[in-house]
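> What follows is a single structure, and I will ask about it in a moment.
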Amino acid sequence: MNVHLSECAIEQLAEAPLPVQNAFIKQIDFLVHNLSHPSLHAKKYDEANAVWQARINDDWRFYFRISGDTYRIGELKPHPK
């Protein structure tokens, strides 16, 4: 599988704290190899729009779509609690 980050996701990643950036890179590696990896907690977030959510860490999530053989990362943001 391939990964594509939107401009918005790139900007959000650049503005995120360094520990979040490092965790995101680790989680993307898990995503590429196994969507069902336990640390991702990947799930359909918005079924109508085919948007998935996965965990970066306890406080941050990333949102993506699956298009063919590509994960299209659209957004990274803090998780509201």
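If you're wondering about the labels, chains in the structure tokens are A, B, ... by order shown, residues count from 1 in each chain, ligands from 1 in order shown.
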Can you tell me which residues surround Leu76 of chain A at a distance of at most 12 Å, considering only C-alpha atoms, apart from same-chain residues fewer than 3 positions away, and format the answer as a ChimeraX atom specification?

/A:5-17,20-21,23-24,52-57,59-64,72-73,79

> Taking 5 positions as the minimum chain separation for residues in the same chain, which residues sit within 6 Å of Thr70 of chain A when counting only C-alpha atoms? Answer as a list in words.

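Contacts, in chain order: Met1, Asn2 and Val3 of chain A.
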
> Export N, CA and C atoms of the chosen residues as a PDB file, in the first residue's frame?


```
ATOM      1  N   MET A   1       0.830  -1.188   0.000  1.00  0.00           N
ATOM      2  CA  MET A   1       0.000   0.000   0.000  1.00  0.00           C
ATOM      3  C   MET A   1       0.873   1.250   0.000  1.00  0.00           C
ATOM      4  N   ASN A   2       0.339   2.287  -0.585  1.00  0.00           N
ATOM      5  CA  ASN A   2       1.010   3.582  -0.633  1.00  0.00           C
ATOM      6  C   ASN A   2       0.317   4.548   0.317  1.00  0.00           C
ATOM      7  N   VAL A   3       1.011   5.637   0.640  1.00  0.00           N
ATOM      8  CA  VAL A   3       0.453   6.671   1.500  1.00  0.00           C
ATOM      9  C   VAL A   3       0.610   8.020   0.810  1.00  0.00           C
TER      10      VAL A   3
END
```

> Which residues in chain A does DSSP call strand (DSSP E)? List them as JSON, numbers by chain.

{"A": [2, 3, 4, 5, 43, 44, 45, 46, 51, 52, 53, 54, 55, 60, 61, 62, 63, 64, 65, 66, 67, 70, 71, 72, 73, 74, 75, 76, 77, 78]}

> For the residues in the current selection, export N, CA and C atoms as an mmCIF file, in the first residue's frame.


```cif
data_model
loop_
_atom_site.group_PDB
_atom_site.id
_atom_site.type_symbol
_atom_site.label_atom_id
_atom_site.label_comp_id
_atom_site.auth_asym_id
_atom_site.auth_seq_id
_atom_site.Cartn_x
_atom_site.Cartn_y
_atom_site.Cartn_z
ATOM 1 N N ASN A 2 0.339 2.287 -0.585
ATOM 2 C CA ASN A 2 1.010 3.582 -0.633
ATOM 3 C C ASN A 2 0.317 4.548 0.317
ATOM 4 N N VAL A 3 1.011 5.637 0.640
ATOM 5 C CA VAL A 3 0.453 6.671 1.500
ATOM 6 C C VAL A 3 0.610 8.020 0.810
ATOM 7 N N HIS A 4 -0.463 8.795 0.814
ATOM 8 C CA HIS A 4 -0.439 10.143 0.264
ATOM 9 C C HIS A 4 -0.984 11.087 1.321
ATOM 10 N N LEU A 5 -0.245 12.131 1.653
ATOM 11 C CA LEU A 5 -0.698 13.132 2.618
ATOM 12 C C LEU A 5 -1.204 14.359 1.876
ATOM 13 N N LYS A 43 -10.765 2.508 12.525
ATOM 14 C CA LYS A 43 -12.186 2.231 12.388
ATOM 15 C C LYS A 43 -12.788 3.217 11.399
ATOM 16 N N LYS A 44 -13.922 2.817 10.839
ATOM 17 C CA LYS A 44 -14.645 3.745 9.965
ATOM 18 C C LYS A 44 -15.192 4.859 10.832
ATOM 19 N N TYR A 45 -14.867 6.063 10.466
ATOM 20 C CA TYR A 45 -15.274 7.244 11.220
ATOM 21 C C TYR A 45 -16.558 7.832 10.634
ATOM 22 N N ASP A 46 -16.593 7.910 9.310
ATOM 23 C CA ASP A 46 -17.741 8.462 8.590
ATOM 24 C C ASP A 46 -18.025 7.530 7.417
ATOM 25 N N VAL A 51 -14.610 7.663 5.303
ATOM 26 C CA VAL A 51 -13.481 8.215 6.053
ATOM 27 C C VAL A 51 -13.187 7.307 7.238
ATOM 28 N N TRP A 52 -11.906 6.982 7.384
ATOM 29 C CA TRP A 52 -11.433 6.167 8.493
ATOM 30 C C TRP A 52 -10.711 7.050 9.501
ATOM 31 N N GLN A 53 -10.647 6.571 10.736
ATOM 32 C CA GLN A 53 -9.896 7.238 11.797
ATOM 33 C C GLN A 53 -8.916 6.227 12.382
ATOM 34 N N ALA A 54 -7.709 6.699 12.697
ATOM 35 C CA ALA A 54 -6.727 5.851 13.368
ATOM 36 C C ALA A 54 -5.987 6.671 14.415
ATOM 37 N N ARG A 55 -5.459 5.990 15.378
ATOM 38 C CA ARG A 55 -4.794 6.627 16.509
ATOM 39 C C ARG A 55 -3.324 6.920 16.201
ATOM 40 N N TRP A 60 -4.028 12.213 19.865
ATOM 41 C CA TRP A 60 -4.107 12.642 18.461
ATOM 42 C C TRP A 60 -4.632 11.507 17.586
ATOM 43 N N ARG A 61 -5.356 11.899 16.526
ATOM 44 C CA ARG A 61 -5.882 10.956 15.540
ATOM 45 C C ARG A 61 -5.556 11.454 14.130
ATOM 46 N N PHE A 62 -5.545 10.515 13.193
ATOM 47 C CA PHE A 62 -5.472 10.917 11.787
ATOM 48 C C PHE A 62 -6.638 10.287 11.047
ATOM 49 N N TYR A 63 -7.060 10.973 9.994
ATOM 50 C CA TYR A 63 -8.239 10.596 9.230
ATOM 51 C C TYR A 63 -7.824 10.353 7.785
ATOM 52 N N PHE A 64 -8.356 9.284 7.198
ATOM 53 C CA PHE A 64 -7.902 8.892 5.862
ATOM 54 C C PHE A 64 -9.007 8.180 5.103
ATOM 55 N N ARG A 65 -8.780 8.101 3.801
ATOM 56 C CA ARG A 65 -9.622 7.321 2.900
ATOM 57 C C ARG A 65 -8.734 6.271 2.232
ATOM 58 N N ILE A 66 -9.355 5.220 1.795
ATOM 59 C CA ILE A 66 -8.641 4.181 1.053
ATOM 60 C C ILE A 66 -9.088 4.268 -0.394
ATOM 61 N N SER A 67 -8.125 4.516 -1.274
ATOM 62 C CA SER A 67 -8.409 4.654 -2.695
ATOM 63 C C SER A 67 -7.500 3.699 -3.459
ATOM 64 N N THR A 70 -3.919 2.989 -2.149
ATOM 65 C CA THR A 70 -3.357 4.175 -1.494
ATOM 66 C C THR A 70 -4.200 4.598 -0.303
ATOM 67 N N TYR A 71 -3.515 4.847 0.804
ATOM 68 C CA TYR A 71 -4.139 5.486 1.959
ATOM 69 C C TYR A 71 -3.957 6.982 1.770
ATOM 70 N N ARG A 72 -5.048 7.721 1.698
ATOM 71 C CA ARG A 72 -5.008 9.168 1.500
ATOM 72 C C ARG A 72 -5.299 9.847 2.835
ATOM 73 N N ILE A 73 -4.223 10.333 3.473
ATOM 74 C CA ILE A 73 -4.335 10.970 4.771
ATOM 75 C C ILE A 73 -4.836 12.400 4.553
ATOM 76 N N GLY A 74 -5.984 12.711 5.127
ATOM 77 C CA GLY A 74 -6.577 14.016 4.906
ATOM 78 C C GLY A 74 -6.355 14.996 6.033
ATOM 79 N N GLU A 75 -6.220 14.472 7.263
ATOM 80 C CA GLU A 75 -6.187 15.372 8.402
ATOM 81 C C GLU A 75 -5.567 14.678 9.610
ATOM 82 N N LEU A 76 -4.849 15.467 10.420
ATOM 83 C CA LEU A 76 -4.343 15.044 11.730
ATOM 84 C C LEU A 76 -4.829 16.074 12.718
ATOM 85 N N LYS A 77 -5.320 15.617 13.860
ATOM 86 C CA LYS A 77 -5.764 16.607 14.839
ATOM 87 C C LYS A 77 -5.865 15.986 16.220
ATOM 88 N N PRO A 78 -5.821 16.853 17.232
ATOM 89 C CA PRO A 78 -5.998 16.357 18.591
ATOM 90 C C PRO A 78 -7.376 15.718 18.736
#
```

> Measure the distance from atom CA of Asn22 of chain A to atom CA of Ala50 of chain A in Å and round it to one decimal.

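Taking atom CA of Asn22 of chain A as the start and atom CA of Ala50 of chain A as the end point, the length is 26.4 Å.
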
> Do you have the atom CA of Val32 of chain A-atom CA of Pro19 of chain A distance handy?

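It comes out at 20.2 Å.
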
> Give me every helix (DSSP H, G or I) residue in chain A, going by DSSP on the backbone, as a ChimeraX atom specification.

/A:7-15,18-33,47-49

> So, counting only C-alpha atoms, which residue among A:Asp29, A:Leu18, A:Ala48, A:Asp58 is closest to Lys81 of chain A?

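Among A:Asp29, A:Leu18, A:Ala48, A:Asp58, it is A:Asp58 that comes nearest to Lys81 of chain A.
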